[in-house]
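This report concerns only the one structure given below.
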Amino acid sequence: MNAVVALLALLLGAALGGLYFAGLWWTLARLDRWRRPALALAVSFLVRAVPTLAAFVLLARAGPLPLAASLAGFLLARFALSAWLRPTNPASPAPPGGREARAARATEGEQRPGDGPVGGVA
């Protein structure tokens, strides 16, 4: 019986994670279309977090095994969606503030404030 409960909790956690992270992806993909993006992010977070946390509280009342299995399913969904929704073009440029961009500027001799090791101090 414990194995069935754990499997059901794992599947429920994966479903919760899928909905949570798909909702996050949907929000971020449309963020530039909204007049008030901060409000959109806050509302999106509440719509995603409240049901997710409520489900985890209910699962915690069922015991530690269902809670642990559902959290594992939630994390599995996160990794699966991250892999599935990853950009398909590996040749896309790195974000301007990324580690690769700083390394490229360093080899070209260009430096910007904050490029140093600590607080912009070289």
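If you're wondering about the labels, chains in the structure tokens are A, B, ... by order shown, residues count from 1 in each chain, ligands from 1 in order shown.
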
Subject >> Exercise: region 25-40 of chain A partners within 10 Å, only C-alpha atoms, chain neighbours under 6 positions left out, as an MDAnalysis selection string >> reply: chainID A and resid 19 46 81:82 85

Can I get the selection written as a PDB file, in the first residue's frame, with C-alpha atoms?
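The resulting file, result-v5.pdb, is shown below:
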ATOM      1  CA  LEU A  19       1.533  23.272 -13.882  1.00  0.00           C
ATOM      2  CA  LEU A  46       0.108  33.830  -6.315  1.00  0.00           C
ATOM      3  CA  LEU A  81      10.374  21.195 -18.397  1.00  0.00           C
ATOM      4  CA  SER A  82      13.748  22.970 -18.265  1.00  0.00           C
ATOM      5  CA  LEU A  85      11.738  24.293 -23.093  1.00  0.00           C
TER       6      LEU A  85
END

**OP:** Determine the nearest neighbour of Ala69 (chain A) from the options A:Phe45, A:Trp84, A:Phe56, A:Phe21, counting only C-alpha atoms.
**Re:**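 That would be A:Phe56, the residue with the smallest distance to Ala69 (chain A).
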
Subject >> Pairwise distance for CA of Leu41 (chain A) and CA of Tyr20 (chain A), rounded to one decimal in Å >> reply: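 If I compute the distance from CA of Leu41 (chain A) to CA of Tyr20 (chain A), I get 13.1 Å.
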
Original post:
What lies within 10 Å of Ala6 (chain A) using only C-alpha atoms, ignoring chain neighbours under 5 positions off, as number ranges by chain?
Top reply: A: 1, 11-12, 64-70

Store the residues picked out above in a file with N, CA and C atoms, as a compact mmCIF listing (two decimals), in the first residue's frame.
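Okay, this is what ended up in selection_11.txt:
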# COMPACT_ATOMS: atom_id res chain seq x y z
N MET A 1 0.82 -1.20 0.00
CA MET A 1 0.00 0.00 0.00
C MET A 1 0.86 1.27 0.00
N LEU A 11 3.33 11.17 -8.80
CA LEU A 11 2.61 11.65 -9.98
C LEU A 11 1.91 12.98 -9.71
N LEU A 12 1.33 13.12 -8.53
CA LEU A 12 0.69 14.38 -8.17
C LEU A 12 1.72 15.49 -8.09
N PRO A 64 5.16 11.71 5.94
CA PRO A 64 6.41 12.14 5.31
C PRO A 64 6.67 11.46 3.96
N LEU A 65 6.24 10.24 3.78
CA LEU A 65 6.49 9.55 2.51
C LEU A 65 5.74 10.21 1.36
N PRO A 66 4.45 10.49 1.47
CA PRO A 66 3.78 11.18 0.36
C PRO A 66 4.35 12.58 0.10
N LEU A 67 4.73 13.28 1.16
CA LEU A 67 5.31 14.61 0.97
C LEU A 67 6.64 14.52 0.23
N ALA A 68 7.50 13.61 0.65
CA ALA A 68 8.81 13.46 -0.02
C ALA A 68 8.64 13.02 -1.47
N ALA A 69 7.72 12.11 -1.72
CA ALA A 69 7.50 11.64 -3.09
C ALA A 69 6.95 12.76 -3.97
N SER A 70 6.04 13.56 -3.41
CA SER A 70 5.48 14.65 -4.21
C SER A 70 6.52 15.74 -4.48

Subject >> Computed interatomic separation between CA of Val4 (chain A) and CA of Arg48 (chain A) (Å) >> reply: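 About the pair CA of Val4 (chain A) and CA of Arg48 (chain A): they are 26.8 Å apart.
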